[in-house]
Amino acid sequence: MIHNILIGGAAGLGIETLAAILEKILQRKGFEIFVIQDYMSRVRGGHNFFQIRFANEEIDSPEDEIDGIIALDKETIQTHIARLKTNGFIIADEEIDFQYAGLYSLPLKAAAKTIGNPKVFGNVALGTVLRLYNLDFTGVAEVINERFTGEVASQNSKAFEEGYKLAPVKYEIQANPKDDQILINASEAIALGALASGLKFYAGYPMTPSTGIMTFLASKMNEAEIIVEQAEDEIAAINMAIGASYAGVRAMTGTSGGGFALMVEAIGLSAMLEVPLVVAEMQRPGPATGLPTRTEQGDLKFVIYSSPAEIPKMVIALRDPEDAFFQTNRAFDLADKYQIPVIIMGDQFLADSTRTVKAFDFSKLKNDRYLSREDYSRANEYRRYEITDTGISPRIIPGKMPGTRVLVDSDEHDEYGHITESSAMRKTMHEKRLRKMTHLKEELQEPIFVGAENADTVLVTWGSLSSPVKEAVRLLNAQGQNKYGALLFGDVWPLPDKLLKIKRESAKKMINVEQNATGLFASLVREQTGIECDRSILKYDGRPLSSQEIVAGVKGGEQG
């Protein structure tokens with residue numbers, strides 16, 4: 001059985017800290033965890049909440065219905081009580097005036113004052129949750145001591161003990177401890193993937209929801225011996241990353257849609273200079289400022305077709321934290337190998353949702369640099385843009401080969417890097433760069449297929465919706481009426497199409513699922529392959545699309 005607890009209140013009340021403590025305690029007890037957060041674009045006030053799903057089974061999606069509410073203010077109860085399951089519970093301070101049969105109106109603040117720290121009243125509520133689920137204090141002290149020190153840590157531990165006394169046992173749920181389980185979100189996974197790939201320089205301008213990547217890397221600067229530069233804007237950030245890459249280190253930048261708009265010219269610069277570059281583009285609802293702390297998948301075609309003229313590039317949509325870790329490593333590898341920009345795409349839902357995954361297997365990482373080791377002499381002069389069958393020219397690091405200059409230019413150039421306006425050279429160079437795409441296509445990864453192999457209905461999705469769609473397919477197949485499967489795309493440009501064509505031939509119906517208003521991925525599939533999806537399930541209100549909503553969309557279409 002999967003349980004779903006919501007913690008809600010105004011910004012500034014410590015909701016994020018409470019959620020982080022509870023999810024870590026549950027994870028260390030052995031539960032599978034899936035956490036989403038919903039927060040307003042303000043420092044204090046407004047209504048924010050976290051939803052923590054936990055169970056002894058795989059969880060891939062948020063859920064609409066909730067089992068319990070920890071309400072730090074009355075607005076939380078009023079906003080979410082309609083989603084509370086029958087026999088669900090609410091934990092709130094006795095000062096909150098509300099009538100509900102399952103309400104535990106408790107002296108949370110009074111208990112905190114007795115302890116000597118009014119700020120710990122939220123942890124009194126968490127102690128009550130442990131009692132309701134009949135969970136012991138194993139791991140509580142460890143989590144508290146990791147977050148607090150000295151007297152404050154002691155007060156928070158006492159808060160749990162006081163809360164434990166305030167409620168009866170309501171549920172019986174057994175944990176299943178696992179030694180190889182970690183709790184992580186995709187922002188942290190991208191950052192770790194970059195560090196494991198040898199990242200030495202990151203430049204960015206803070207823009208939700210990409211900021212988590214930069215803040216995590218900044219926290220590891222000294223330990224990892226890297227440089228993290230908060231640039232004055234996104235234009236400066238991407239050009240710094242290009243400069244660092246030209247100088248020989250693995251470099252990266254990250255942003256959201258509005259910031260990526262400023263980076264577009266430099267994406268073309270990276271391709272023209274043939275300098276490797278990795279860019280994380282974490283989507284949020286636009287246009288303009290839009291909903292800065294919400295989620296959407298509206299940037300797909302904008303990212304794919306970014307840059308004036310035709311350039312070689314790759315776009316990879318990240319599916320979950322584990323995928324984010326390994327695909328970030330793959331992005332660095334492909335950027336180096338083909339000397340191109342590689343863009344990894346996520347969104348707020350992916351960046352900010354935390355979940356349990358197996359500890360990453362570092363033996364699967366690839367860290368080749370693809371640098372030329374040839375010793376160039378006057379008889380064998382170095383040509384940075386040498387014409388080759390693959391389109392990939394020999395790359396050396398400036399200053400690493402005595403007497404050899406590494407000339408690069410944003411203008412059209414000849415093999416040595418000198419500016420040219422020769423029409424013949426222009427055609428030759430343009431074709432050289434684009435030849436990389438022919439060979440890059442040989443390295444494409446087909447989408448992951450889940451569900452019944454002989455599925456009657458195949459769902460098609462990309463990026464972060466892979467997890468909710470995967471859970472939806474399990475729910476649909478459990479009903480036993482029809483057979484369902486799903487194609488979960490990671491590589492989106494160039495678009496792999498072999499498995500897609502096979503499933504289109506065998507399936508009676510193909511349904512596109514994504515978070516935008518016009519079905520951008522379905523449009524891309526039709527454009528690149530001629531394959532039409534029968535219909536789409538779309539959501540674009542800024543909130544995540546849950547597995548239950550997907551199931552309802554599939555079944556509703558069948559009834560229609």
# chains A, B, ... in the order shown; residues from 1 in each chain; ligands from 1

$ residues_around --residues "region 494-502 of chain A" --least-positions-apart "2" --cutoff "10 Å" --atoms "only C-alpha atoms" --output "MDAnalysis selection string"
chainID A and resid 304 312:316 437:438 440:449 458 460 487 489:492 504:507 524:525 528:531

$ atom_distance --atom1 "CA of Gln297 (chain A)" --atom2 "CA of Gln515 (chain A)"
5.0 Å

$ atom_distance --atom1 "CA of Thr215 (chain A)" --atom2 "CA of Ala203 (chain A)"
11.1 Å

$ atom_distance --atom1 "CA of Phe50 (chain A)" --atom2 "CA of Gly88 (chain A)"
16.8 Å

$ closest_residue --among "A:Ser61, A:Ser306, A:Thr17, A:Gln230" --to "Asp320 (chain A)" --atoms "only C-alpha atoms"
A:Ser61
